[in-house]
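> Would you mind keeping the following structure in view while I ask a few things?
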Amino acid sequence: MANIINNYDLSHNNTMALSSTARHAMILDSSDTLADDIRHAIDFAAQHSLPLFVLSFGSNVILPNELNALVLLPRIKDIKVLDDNADSVTLEVACGENWHEFIQVCLDKGYYGLENLALIPGLVGACPVQNIGAYGVQVSDFITKVIAYDLTNGQRHEFGANDCQFDYRHSFFKDNEGRYLISHVVFKLHKDERKTLTNYGDLSVMAQVFATKNGRDLPHPIDVFHAVVAIRESKLPNPAVLANCGSFFQNPIIPIAQFNTLKAEFHDLPSYPIDDQVIKVPAGWLIDKAGLKGKGVAPILTHQKQALVLTNHAPYTATQDDIRTAQDFIVHTVQDKFGITLVREPVWVK
Ligand code: EPU
């Protein structure tokens, strides 16, 4: 059985490096005892009138100084092959597997599809929640099932891909934040190296560079993997070196008429088509164009190479309030210049 630990330090458990202490924490690292551990956690939380809070890698959260909760840390590791045939493989992966390392394991074995999602910080159990995406791929393209425990009653549920209600940075689990603990994710990956996707912006050029370097005519999934790693390393700060929680804002989706008005004034405004009513514009471009690249309210500054990312600087004394101050300053500045209200992406924990 997992123990309940008092006053658990979370400062190394959130990539924004905010100092935070959980009133209680429980490390869940065994599939065998998981159902019992969750029931025990539910009873304990009820007895102490505390909420339960699931914290995975902490790469998409803004934590408070004191987290008055029983924090559940899902850390189960396991990669099980459920089906393996000439075209595809189906894998059941436990929540505590490191996302990037899991992709490396897949590529080593010839299982393809996730290479575009390389280097996204986090653990497997969190990937369905905000339907992580990058370079033309969303994880929902490959998820066939999610196994999760309902933290209101401890019951185990299996969610098919449709039940997950995946959308851009969205899912059923995001709508029901805090209610479920995801224990396993089932992926169906393909074995056809020609199906790898390279048609996203600067990825096509970079993937071809790696293909040529490796003596290939066309990019192999491994070339795509290396290209994504290279692009991300060139623009996105490594949280182990410079504290951050990835994209701080969602890319806003605006009406076409508003886009046309803006485009007439800002000819270089990039956009991604959605449908004939609305269009997506990059928040990073808006923040950059508003003159805020590398700026903010110290010690919370946008990244020098990608204005969409807020970074926290040593000696890491910033609190949630400092993040809110920098966030509000950026939102107001962008609102004044473009009439667009940015919406935060990471979860604000109370
Ligand atoms: N741009 C600027 N200045 C900046 C930042 C961006 O002009 O400071 C411009 C870029 O030149 C480009 C456009 O804005 O024309 C979009 O930038 P980029 O291709 O870097 O992607 P993004 O829209 O900023 C999204 C995801 C990232 C993901 C990349 C690549 C969201 C909110 N973010 O960023 O996700 O890695 O695409 O697919 O959808 C994350 O969620 O943590 C994350 C990093």
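All residue names refer to the structure tokens as shown: chains lettered A, B, ... in order, residues numbered from 1 in each chain, ligands numbered from 1 in order.
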Near range 133-141 of chain A, within 10 Å and counting only C-alpha atoms, which residues show up once chain neighbours fewer than 4 positions away are dropped, as number ranges by chain?
A: 113-118, 120, 127-128, 145, 161-162, 164-171, 187-189, 197-204, 224, 228, 232
> Can you write just those residues out, C-alpha atoms, as a PDB file, in the first residue's frame?

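Wrote it out as selection00.pdb, contents follow:
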ATOM      1  CA  GLY A 113       3.431   8.156 -35.337  1.00  0.00           C
ATOM      2  CA  LEU A 114       4.453   9.930 -32.136  1.00  0.00           C
ATOM      3  CA  GLU A 115       7.784  11.259 -33.457  1.00  0.00           C
ATOM      4  CA  ASN A 116       6.319  14.756 -34.038  1.00  0.00           C
ATOM      5  CA  LEU A 117       5.571  14.982 -30.312  1.00  0.00           C
ATOM      6  CA  ALA A 118       9.198  14.492 -29.211  1.00  0.00           C
ATOM      7  CA  ILE A 120       7.203  17.562 -24.875  1.00  0.00           C
ATOM      8  CA  CYS A 127      -0.999  13.399 -22.423  1.00  0.00           C
ATOM      9  CA  PRO A 128      -4.746  12.875 -23.097  1.00  0.00           C
ATOM     10  CA  LYS A 145      -8.470   3.948 -25.012  1.00  0.00           C
ATOM     11  CA  ALA A 161     -11.453   7.419 -28.189  1.00  0.00           C
ATOM     12  CA  ASN A 162     -14.909   8.951 -28.768  1.00  0.00           C
ATOM     13  CA  CYS A 164     -12.528  11.199 -24.600  1.00  0.00           C
ATOM     14  CA  GLN A 165     -14.100  14.024 -26.716  1.00  0.00           C
ATOM     15  CA  PHE A 166     -10.738  15.170 -28.024  1.00  0.00           C
ATOM     16  CA  ASP A 167     -10.357  18.633 -29.551  1.00  0.00           C
ATOM     17  CA  TYR A 168      -7.539  21.219 -29.917  1.00  0.00           C
ATOM     18  CA  ARG A 169      -5.842  21.175 -26.499  1.00  0.00           C
ATOM     19  CA  HIS A 170      -9.043  19.759 -25.059  1.00  0.00           C
ATOM     20  CA  SER A 171     -10.718  16.546 -23.864  1.00  0.00           C
ATOM     21  CA  PHE A 187      -1.994   3.747 -28.270  1.00  0.00           C
ATOM     22  CA  LYS A 188      -2.285   2.215 -31.729  1.00  0.00           C
ATOM     23  CA  LEU A 189       0.880   3.044 -33.673  1.00  0.00           C
ATOM     24  CA  LEU A 197       4.153  13.612 -41.267  1.00  0.00           C
ATOM     25  CA  THR A 198       6.547  16.384 -42.277  1.00  0.00           C
ATOM     26  CA  ASN A 199       4.223  18.958 -43.802  1.00  0.00           C
ATOM     27  CA  TYR A 200       4.187  21.425 -40.874  1.00  0.00           C
ATOM     28  CA  GLY A 201       6.032  24.735 -41.364  1.00  0.00           C
ATOM     29  CA  ASP A 202       9.769  24.480 -40.839  1.00  0.00           C
ATOM     30  CA  LEU A 203       9.575  20.749 -40.066  1.00  0.00           C
ATOM     31  CA  SER A 204       9.670  19.688 -43.742  1.00  0.00           C
ATOM     32  CA  VAL A 224      11.415  13.624 -38.079  1.00  0.00           C
ATOM     33  CA  VAL A 228      11.485  18.100 -33.989  1.00  0.00           C
ATOM     34  CA  ARG A 232      12.213  22.657 -30.170  1.00  0.00           C
TER      35      ARG A 232
END
> Around ligand 1, out to 9 Å and counting only C-alpha atoms and all ligand atoms, which residues are there? I want them as a PyMOL selection string.
chain A and resi 59-60+116-117+120-121+130+132-137+168-169+200-202+228+231-232+235-236+245-252+268-271+281-289+292-294+302-309+345-346
> Could you save those same residues with C-alpha atoms as a tab-separated table (two decimals), in the first residue's frame?

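Now in selection.tsv:
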chain	number	residue	atom	x	y	z
A	59	SER	CA	4.78	20.83	-16.74
A	60	ASN	CA	1.41	22.54	-17.20
A	116	ASN	CA	6.32	14.76	-34.04
A	117	LEU	CA	5.57	14.98	-30.31
A	120	ILE	CA	7.20	17.56	-24.88
A	121	PRO	CA	7.90	17.49	-21.13
A	130	GLN	CA	-4.96	18.59	-22.85
A	132	ILE	CA	-0.91	17.43	-26.43
A	133	GLY	CA	-0.01	18.48	-29.94
A	134	ALA	CA	2.89	19.75	-32.02
A	135	TYR	CA	4.10	19.87	-35.62
A	136	GLY	CA	0.84	18.75	-37.19
A	137	VAL	CA	0.11	15.84	-34.85
A	168	TYR	CA	-7.54	21.22	-29.92
A	169	ARG	CA	-5.84	21.18	-26.50
A	200	TYR	CA	4.19	21.42	-40.87
A	201	GLY	CA	6.03	24.74	-41.36
A	202	ASP	CA	9.77	24.48	-40.84
A	228	VAL	CA	11.49	18.10	-33.99
A	231	ILE	CA	13.50	22.82	-33.75
A	232	ARG	CA	12.21	22.66	-30.17
A	235	LYS	CA	13.14	27.95	-29.74
A	236	LEU	CA	11.81	26.42	-26.55
A	245	CYS	CA	5.56	25.56	-18.41
A	246	GLY	CA	5.52	25.57	-22.23
A	247	SER	CA	2.95	27.62	-24.12
A	248	PHE	CA	1.41	29.94	-21.55
A	249	PHE	CA	-1.51	30.98	-23.77
A	250	GLN	CA	-3.70	29.16	-26.26
A	251	ASN	CA	-3.58	30.25	-29.86
A	252	PRO	CA	-6.75	32.38	-30.15
A	268	ASP	CA	2.71	39.49	-41.80
A	269	LEU	CA	0.07	38.16	-39.34
A	270	PRO	CA	0.31	34.33	-39.65
A	271	SER	CA	-2.86	32.21	-39.50
A	281	VAL	CA	-3.74	33.12	-35.05
A	282	PRO	CA	-0.52	32.49	-33.07
A	283	ALA	CA	-0.46	34.03	-29.59
A	284	GLY	CA	3.36	34.06	-29.73
A	285	TRP	CA	3.27	36.36	-32.77
A	286	LEU	CA	0.76	38.72	-31.08
A	287	ILE	CA	2.88	38.97	-27.91
A	288	ASP	CA	6.06	39.44	-29.95
A	289	LYS	CA	4.46	42.13	-32.17
A	292	LEU	CA	6.90	41.90	-25.31
A	293	LYS	CA	9.48	39.35	-26.45
A	294	GLY	CA	11.92	38.84	-23.56
A	302	THR	CA	8.57	35.85	-21.98
A	303	HIS	CA	11.26	33.74	-23.61
A	304	GLN	CA	13.74	35.54	-25.89
A	305	LYS	CA	13.16	33.08	-28.76
A	306	GLN	CA	9.44	32.25	-28.31
A	307	ALA	CA	7.24	34.90	-26.73
A	308	LEU	CA	4.46	32.37	-26.02
A	309	VAL	CA	6.50	30.84	-23.19
A	345	GLU	CA	-3.21	27.38	-21.15
A	346	PRO	CA	-1.68	25.91	-17.94
> Rounded to one decimal in Å, what is the spacing between CA of Ala298 in chain A and CA of Val347 in chain A?
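Separation between CA of Ala298 in chain A and CA of Val347 in chain A: 21.1 Å.
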> Write out as a Markdown table the residues of range 223-339 of chain A that have any atom within 6 Å of an atom of range 10-15 of chain A, one row each with the nearest atom pair and its distance in Å to one decimal, counting only C-alpha atoms, sorted by chain and then rising number.

| residue | atom | partner | partner_atom | distance |
| --- | --- | --- | --- | --- |
| A:Pro239 | CA | A:Thr15 | CA | 5.7 |
| A:Ala243 | CA | A:Thr15 | CA | 5.6 |
| A:Asn244 | CA | A:Thr15 | CA | 5.7 |
| A:Cys245 | CA | A:Thr15 | CA | 5.8 |
> Using N, CA and C atoms, can you export the residues from the last selection as a CSV table (one decimal), in the first residue's frame?

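Output contents, as saved in result31.csv:
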chain,number,residue,atom,x,y,z
A,239,PRO,N,13.1,23.1,-19.6
A,239,PRO,CA,12.7,23.5,-18.2
A,239,PRO,C,13.7,23.1,-17.2
A,243,ALA,N,13.3,27.6,-16.0
A,243,ALA,CA,12.0,27.2,-15.6
A,243,ALA,C,10.9,27.8,-16.4
A,244,ASN,N,9.9,26.9,-16.9
A,244,ASN,CA,8.8,27.4,-17.7
A,244,ASN,C,7.8,26.3,-17.8
A,245,CYS,N,6.6,26.6,-18.3
A,245,CYS,CA,5.6,25.6,-18.4
A,245,CYS,C,5.0,25.5,-19.8
> Report the distance between CA of Val71 in chain A and CA of Asn312 in chain A in Å, rounded to one decimal place.
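A separation of 23.4 Å between them.
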> Report, in Å to a single decimal, how far apart CA of Gly154 in chain A and CA of Leu55 in chain A are.
17.2 Å
> Find the residue from A:Met16, A:Ile256, A:Ile42, A:Met206 that sits nearest to Tyr316 in chain A; use only C-alpha atoms when measuring.
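Once distances to Tyr316 in chain A are computed over only C-alpha atoms, the minimum belongs to A:Met16.
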> As a PyMOL selection string, which residues of range 103-250 of chain A does DSSP assign to strand (DSSP E)?
chain A and resi 133-134+137-138+143-150+156-160+180-190+243-247
> Would you kindly return, as a list in words, each protein, DNA or RNA residue with an atom no farther than 10 Å from any atom of Glu101 in chain A, considering only C-alpha atoms and excluding same-chain residues fewer than 3 positions away?
Glu97, Asn98, Gln104, Val105, Cys106, Leu107, Ala118, Leu119, Leu123 and Val124 of chain A
> Can you check which parts of range 47-120 of chain A lie within 10 Å of range 317-322 of chain A? Per residue, the shortest pair of atoms and distance in Å to one decimal, counting only C-alpha atoms, sorted by chain and number, as CSV.

residue,atom,partner,partner_atom,distance
A:Ile62,CA,A:Gln320,CA,6.7
A:Leu63,CA,A:Gln320,CA,6.8
A:Pro64,CA,A:Gln320,CA,5.9
A:Asn65,CA,A:Thr319,CA,6.9
> Write the residues of the preceding selection, restricted to N, CA, C and O atoms, as a short mmCIF file (atom, residue, chain, number, x, y, z; two decimals), in the first residue's frame.

data_model
loop_
_atom_site.label_atom_id
_atom_site.label_comp_id
_atom_site.auth_asym_id
_atom_site.auth_seq_id
_atom_site.Cartn_x
_atom_site.Cartn_y
_atom_site.Cartn_z
N ILE A 62 0.33 25.88 -12.52
CA ILE A 62 0.82 26.99 -11.73
C ILE A 62 0.38 26.71 -10.28
O ILE A 62 -0.81 26.79 -9.96
N LEU A 63 1.35 26.33 -9.44
CA LEU A 63 1.01 25.86 -8.09
C LEU A 63 1.03 27.00 -7.07
O LEU A 63 1.84 27.92 -7.18
N PRO A 64 0.18 26.90 -6.05
CA PRO A 64 0.23 27.87 -4.95
C PRO A 64 1.33 27.49 -3.95
O PRO A 64 1.82 26.36 -3.97
N ASN A 65 1.67 28.46 -3.09
CA ASN A 65 2.70 28.23 -2.08
C ASN A 65 2.35 27.05 -1.17
O ASN A 65 3.18 26.20 -0.89
#
> What lies within 12 Å of Phe44 in chain A using only C-alpha atoms, ignoring chain neighbours under 4 positions off, as JSON, numbers by chain?
{"A": [3, 4, 5, 24, 25, 26, 37, 38, 39, 40, 48, 49, 50, 51, 52, 69, 70, 71]}
> Please, could you write that set of residues out with all heavy atoms as a compact mmCIF listing (two decimals), in the first residue's frame?

# COMPACT_ATOMS: atom_id res chain seq x y z
N ASN A 3 2.00 4.98 1.09
CA ASN A 3 1.89 5.76 2.33
C ASN A 3 1.40 7.18 2.05
O ASN A 3 1.61 7.70 0.95
CB ASN A 3 3.26 5.90 3.00
CG ASN A 3 3.76 4.57 3.45
OD1 ASN A 3 2.97 3.74 3.89
ND2 ASN A 3 5.07 4.37 3.32
N ILE A 4 0.84 7.80 3.07
CA ILE A 4 0.50 9.22 2.97
C ILE A 4 1.61 10.01 3.66
O ILE A 4 1.95 9.74 4.81
CB ILE A 4 -0.88 9.51 3.58
CG1 ILE A 4 -1.93 8.85 2.65
CG2 ILE A 4 -1.12 11.01 3.72
CD1 ILE A 4 -3.35 8.96 3.08
N ILE A 5 2.20 10.92 2.91
CA ILE A 5 3.34 11.69 3.42
C ILE A 5 2.84 13.11 3.75
O ILE A 5 2.10 13.70 2.97
CB ILE A 5 4.46 11.79 2.33
CG1 ILE A 5 4.76 10.40 1.77
CG2 ILE A 5 5.71 12.46 2.87
CD1 ILE A 5 5.49 10.42 0.43
N HIS A 24 -0.53 16.99 2.16
CA HIS A 24 -0.30 15.54 2.16
C HIS A 24 -0.04 15.08 0.73
O HIS A 24 -0.56 15.70 -0.21
CB HIS A 24 -1.51 14.77 2.69
CG HIS A 24 -1.98 15.21 4.03
ND1 HIS A 24 -1.33 14.86 5.20
CD2 HIS A 24 -3.02 15.99 4.40
CE1 HIS A 24 -1.96 15.40 6.23
NE2 HIS A 24 -2.99 16.09 5.77
N ALA A 25 0.72 13.99 0.58
CA ALA A 25 0.96 13.45 -0.76
C ALA A 25 1.02 11.93 -0.70
O ALA A 25 1.32 11.34 0.35
CB ALA A 25 2.26 14.00 -1.33
N MET A 26 0.72 11.31 -1.83
CA MET A 26 0.76 9.84 -1.92
C MET A 26 1.37 9.49 -3.29
O MET A 26 0.88 9.96 -4.31
CB MET A 26 -0.68 9.32 -1.83
CG MET A 26 -0.82 7.84 -1.65
SD MET A 26 -2.59 7.42 -1.78
CE MET A 26 -2.79 6.33 -0.42
N ASP A 37 -5.18 1.79 -3.14
CA ASP A 37 -4.54 3.07 -2.77
C ASP A 37 -5.51 4.23 -3.02
O ASP A 37 -5.62 5.15 -2.21
CB ASP A 37 -3.27 3.29 -3.60
CG ASP A 37 -2.14 2.34 -3.19
OD1 ASP A 37 -2.19 1.82 -2.05
OD2 ASP A 37 -1.23 2.11 -4.01
N ILE A 38 -6.21 4.17 -4.14
CA ILE A 38 -7.13 5.26 -4.47
C ILE A 38 -8.31 5.29 -3.48
O ILE A 38 -8.69 6.35 -3.00
CB ILE A 38 -7.60 5.16 -5.95
CG1 ILE A 38 -6.43 5.53 -6.86
CG2 ILE A 38 -8.82 6.05 -6.21
CD1 ILE A 38 -6.70 5.41 -8.33
N ARG A 39 -8.80 4.11 -3.13
CA ARG A 39 -9.90 4.08 -2.15
C ARG A 39 -9.44 4.65 -0.80
O ARG A 39 -10.14 5.43 -0.16
CB ARG A 39 -10.41 2.64 -1.96
CG ARG A 39 -11.75 2.42 -2.69
CD ARG A 39 -12.36 1.09 -2.30
NE ARG A 39 -11.47 -0.02 -2.59
CZ ARG A 39 -11.41 -0.65 -3.76
NH1 ARG A 39 -12.20 -0.29 -4.73
NH2 ARG A 39 -10.57 -1.63 -3.96
N HIS A 40 -8.20 4.29 -0.42
CA HIS A 40 -7.64 4.80 0.84
C HIS A 40 -7.51 6.33 0.77
O HIS A 40 -7.86 7.04 1.73
CB HIS A 40 -6.27 4.13 1.05
CG HIS A 40 -5.53 4.59 2.25
ND1 HIS A 40 -6.14 4.78 3.48
CD2 HIS A 40 -4.22 4.93 2.44
CE1 HIS A 40 -5.23 5.19 4.36
NE2 HIS A 40 -4.07 5.30 3.75
N HIS A 48 -10.51 14.20 6.38
CA HIS A 48 -9.81 15.45 6.69
C HIS A 48 -10.40 16.65 5.94
O HIS A 48 -9.81 17.72 5.93
CB HIS A 48 -8.31 15.32 6.37
CG HIS A 48 -7.61 14.33 7.25
ND1 HIS A 48 -7.70 12.96 7.08
CD2 HIS A 48 -6.85 14.51 8.36
CE1 HIS A 48 -7.00 12.35 8.01
NE2 HIS A 48 -6.47 13.27 8.80
N SER A 49 -11.54 16.44 5.28
CA SER A 49 -12.22 17.51 4.49
C SER A 49 -11.24 18.21 3.55
O SER A 49 -11.17 19.44 3.49
CB SER A 49 -12.85 18.55 5.42
OG SER A 49 -13.71 17.93 6.30
N LEU A 50 -10.48 17.39 2.83
CA LEU A 50 -9.50 17.95 1.89
C LEU A 50 -9.83 17.49 0.47
O LEU A 50 -10.34 16.38 0.29
CB LEU A 50 -8.10 17.41 2.21
CG LEU A 50 -7.35 18.00 3.39
CD1 LEU A 50 -6.08 17.21 3.61
CD2 LEU A 50 -7.02 19.47 3.13
N PRO A 51 -9.52 18.30 -0.53
CA PRO A 51 -9.68 17.81 -1.89
C PRO A 51 -8.52 16.88 -2.28
O PRO A 51 -7.46 16.93 -1.65
CB PRO A 51 -9.63 19.09 -2.74
CG PRO A 51 -8.86 20.06 -1.92
CD PRO A 51 -9.07 19.69 -0.47
N LEU A 52 -8.73 16.06 -3.31
CA LEU A 52 -7.64 15.28 -3.90
C LEU A 52 -7.13 16.08 -5.09
O LEU A 52 -7.90 16.77 -5.77
CB LEU A 52 -8.16 13.93 -4.40
CG LEU A 52 -8.56 12.93 -3.33
CD1 LEU A 52 -9.30 11.76 -3.97
CD2 LEU A 52 -7.33 12.44 -2.58
N ALA A 69 -4.24 20.06 0.11
CA ALA A 69 -4.90 18.92 -0.54
C ALA A 69 -4.11 17.66 -0.24
O ALA A 69 -3.00 17.72 0.28
CB ALA A 69 -4.94 19.16 -2.05
N LEU A 70 -4.72 16.52 -0.59
CA LEU A 70 -3.95 15.28 -0.67
C LEU A 70 -3.55 15.13 -2.14
O LEU A 70 -4.40 14.93 -3.01
CB LEU A 70 -4.79 14.09 -0.20
CG LEU A 70 -4.21 12.70 -0.50
CD1 LEU A 70 -2.78 12.53 0.01
CD2 LEU A 70 -5.09 11.61 0.11
N VAL A 71 -2.25 15.31 -2.40
CA VAL A 71 -1.76 15.29 -3.78
C VAL A 71 -1.41 13.85 -4.17
O VAL A 71 -0.65 13.17 -3.46
CB VAL A 71 -0.53 16.21 -3.93
CG1 VAL A 71 0.06 16.10 -5.31
CG2 VAL A 71 -0.93 17.66 -3.63
> Residues at most 9 Å from Asn214 in chain A, counting only C-alpha atoms, excluding those fewer than 4 positions away in the same chain, as an MDAnalysis selection string?
chainID A and resid 209:210 223
> Please produce an output containing C-alpha atoms for each residue in the selection, written as a CSV table (one decimal), in the first residue's frame.

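Result written to again31.csv:
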chain,number,residue,atom,x,y,z
A,209,VAL,CA,18.2,17.9,-43.7
A,210,PHE,CA,18.3,14.9,-41.3
A,223,ASP,CA,14.7,11.9,-39.0
> Please return as a PyMOL selection string: the residues of range 225-346 of chain A that backbone DSSP assigns to alpha helix (DSSP H).
chain A and resi 225-235+256-265+283-289+320-338
> Those selected residues, please, written with N, CA and C atoms and delivered as a compact mmCIF listing (two decimals), in the first residue's frame.

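Final file, selection_20.txt:
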# COMPACT_ATOMS: atom_id res chain seq x y z
N PHE A 225 11.87 12.79 -35.86
CA PHE A 225 12.14 12.90 -34.41
C PHE A 225 13.31 13.86 -34.17
N HIS A 226 14.42 13.64 -34.88
CA HIS A 226 15.59 14.50 -34.66
C HIS A 226 15.32 15.94 -35.08
N ALA A 227 14.52 16.10 -36.16
CA ALA A 227 14.18 17.45 -36.62
C ALA A 227 13.34 18.19 -35.58
N VAL A 228 12.34 17.48 -35.01
CA VAL A 228 11.49 18.10 -33.99
C VAL A 228 12.33 18.48 -32.77
N VAL A 229 13.22 17.57 -32.36
CA VAL A 229 14.09 17.87 -31.21
C VAL A 229 14.92 19.12 -31.52
N ALA A 230 15.48 19.19 -32.72
CA ALA A 230 16.33 20.33 -33.09
C ALA A 230 15.52 21.63 -33.10
N ILE A 231 14.32 21.60 -33.67
CA ILE A 231 13.50 22.82 -33.75
C ILE A 231 13.11 23.25 -32.33
N ARG A 232 12.65 22.29 -31.54
CA ARG A 232 12.21 22.66 -30.17
C ARG A 232 13.38 23.20 -29.36
N GLU A 233 14.56 22.55 -29.50
CA GLU A 233 15.71 23.03 -28.72
C GLU A 233 16.14 24.43 -29.16
N SER A 234 15.87 24.77 -30.44
CA SER A 234 16.29 26.09 -30.92
C SER A 234 15.36 27.21 -30.46
N LYS A 235 14.08 26.88 -30.13
CA LYS A 235 13.14 27.95 -29.74
C LYS A 235 12.61 27.83 -28.32
N ILE A 256 -13.42 35.50 -38.91
CA ILE A 256 -12.69 35.86 -40.14
C ILE A 256 -12.71 37.38 -40.36
N ALA A 257 -13.86 38.04 -40.07
CA ALA A 257 -13.95 39.48 -40.32
C ALA A 257 -12.92 40.24 -39.48
N GLN A 258 -12.77 39.83 -38.23
CA GLN A 258 -11.78 40.47 -37.36
C GLN A 258 -10.37 40.21 -37.89
N PHE A 259 -10.15 38.98 -38.36
CA PHE A 259 -8.84 38.64 -38.93
C PHE A 259 -8.53 39.53 -40.14
N ASN A 260 -9.52 39.68 -41.03
CA ASN A 260 -9.29 40.48 -42.25
C ASN A 260 -8.92 41.92 -41.90
N THR A 261 -9.59 42.48 -40.89
CA THR A 261 -9.28 43.86 -40.47
C THR A 261 -7.84 43.94 -39.96
N LEU A 262 -7.46 42.95 -39.14
CA LEU A 262 -6.09 42.96 -38.59
C LEU A 262 -5.05 42.75 -39.69
N LYS A 263 -5.37 41.85 -40.62
CA LYS A 263 -4.42 41.50 -41.69
C LYS A 263 -4.14 42.72 -42.59
N ALA A 264 -5.19 43.58 -42.74
CA ALA A 264 -5.00 44.78 -43.56
C ALA A 264 -3.96 45.70 -42.92
N GLU A 265 -3.91 45.67 -41.60
CA GLU A 265 -2.94 46.53 -40.90
C GLU A 265 -1.60 45.82 -40.69
N ALA A 283 -0.62 33.13 -30.74
CA ALA A 283 -0.46 34.03 -29.59
C ALA A 283 0.98 34.53 -29.49
N GLY A 284 1.95 33.66 -29.82
CA GLY A 284 3.36 34.06 -29.73
C GLY A 284 3.66 35.24 -30.63
N TRP A 285 3.08 35.25 -31.82
CA TRP A 285 3.27 36.36 -32.77
C TRP A 285 2.66 37.64 -32.19
N LEU A 286 1.45 37.54 -31.63
CA LEU A 286 0.76 38.72 -31.08
C LEU A 286 1.58 39.34 -29.94
N ILE A 287 2.11 38.47 -29.07
CA ILE A 287 2.88 38.97 -27.91
C ILE A 287 4.19 39.61 -28.41
N ASP A 288 4.82 38.94 -29.36
CA ASP A 288 6.06 39.44 -29.95
C ASP A 288 5.81 40.81 -30.60
N LYS A 289 4.77 40.89 -31.44
CA LYS A 289 4.46 42.13 -32.17
C LYS A 289 4.03 43.27 -31.23
N GLN A 320 2.57 32.56 -7.22
CA GLN A 320 1.43 32.64 -8.14
C GLN A 320 1.06 34.09 -8.44
N ASP A 321 1.14 34.97 -7.42
CA ASP A 321 0.77 36.38 -7.62
C ASP A 321 1.67 37.03 -8.67
N ASP A 322 2.97 36.71 -8.65
CA ASP A 322 3.90 37.28 -9.64
C ASP A 322 3.53 36.80 -11.04
N ILE A 323 3.12 35.54 -11.13
CA ILE A 323 2.73 35.02 -12.44
C ILE A 323 1.47 35.76 -12.91
N ARG A 324 0.53 35.98 -11.99
CA ARG A 324 -0.71 36.67 -12.38
C ARG A 324 -0.41 38.09 -12.85
N THR A 325 0.51 38.76 -12.17
CA THR A 325 0.86 40.14 -12.55
C THR A 325 1.42 40.17 -13.97
N ALA A 326 2.37 39.26 -14.25
CA ALA A 326 2.98 39.23 -15.59
C ALA A 326 1.92 38.83 -16.64
N GLN A 327 1.09 37.85 -16.30
CA GLN A 327 0.04 37.39 -17.22
C GLN A 327 -0.91 38.55 -17.55
N ASP A 328 -1.38 39.27 -16.53
CA ASP A 328 -2.35 40.35 -16.75
C ASP A 328 -1.73 41.45 -17.60
N PHE A 329 -0.45 41.77 -17.35
CA PHE A 329 0.25 42.79 -18.13
C PHE A 329 0.29 42.39 -19.62
N ILE A 330 0.59 41.13 -19.89
CA ILE A 330 0.67 40.66 -21.28
C ILE A 330 -0.73 40.67 -21.92
N VAL A 331 -1.71 40.15 -21.18
CA VAL A 331 -3.08 40.09 -21.72
C VAL A 331 -3.58 41.50 -22.06
N HIS A 332 -3.36 42.46 -21.16
CA HIS A 332 -3.84 43.83 -21.40
C HIS A 332 -3.12 44.49 -22.56
N THR A 333 -1.80 44.26 -22.66
CA THR A 333 -1.03 44.89 -23.73
C THR A 333 -1.49 44.35 -25.09
N VAL A 334 -1.69 43.05 -25.17
CA VAL A 334 -2.14 42.43 -26.44
C VAL A 334 -3.57 42.87 -26.75
N GLN A 335 -4.40 42.94 -25.73
CA GLN A 335 -5.80 43.39 -25.90
C GLN A 335 -5.83 44.82 -26.47
N ASP A 336 -5.00 45.69 -25.91
CA ASP A 336 -4.98 47.09 -26.37
C ASP A 336 -4.53 47.19 -27.81
N LYS A 337 -3.56 46.38 -28.19
CA LYS A 337 -3.00 46.51 -29.55
C LYS A 337 -3.85 45.81 -30.61
N PHE A 338 -4.38 44.62 -30.28
CA PHE A 338 -5.06 43.82 -31.32
C PHE A 338 -6.55 43.57 -31.04
> My list of candidates is A:Ala17, A:Val186, A:Leu67, A:Val81. Which is closest to Ile300 in chain A when distances are computed with only C-alpha atoms?
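Between A:Ala17, A:Val186, A:Leu67, A:Val81, the residue approaching Ile300 in chain A most closely is A:Ala17.
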> Skipping near chain neighbours, those fewer than 2 positions away, what residues fall within 8 Å of Ala94 in chain A using only C-alpha atoms, listed as a PyMOL selection string?
chain A and resi 76-79+92+96-97+124-125+183-185
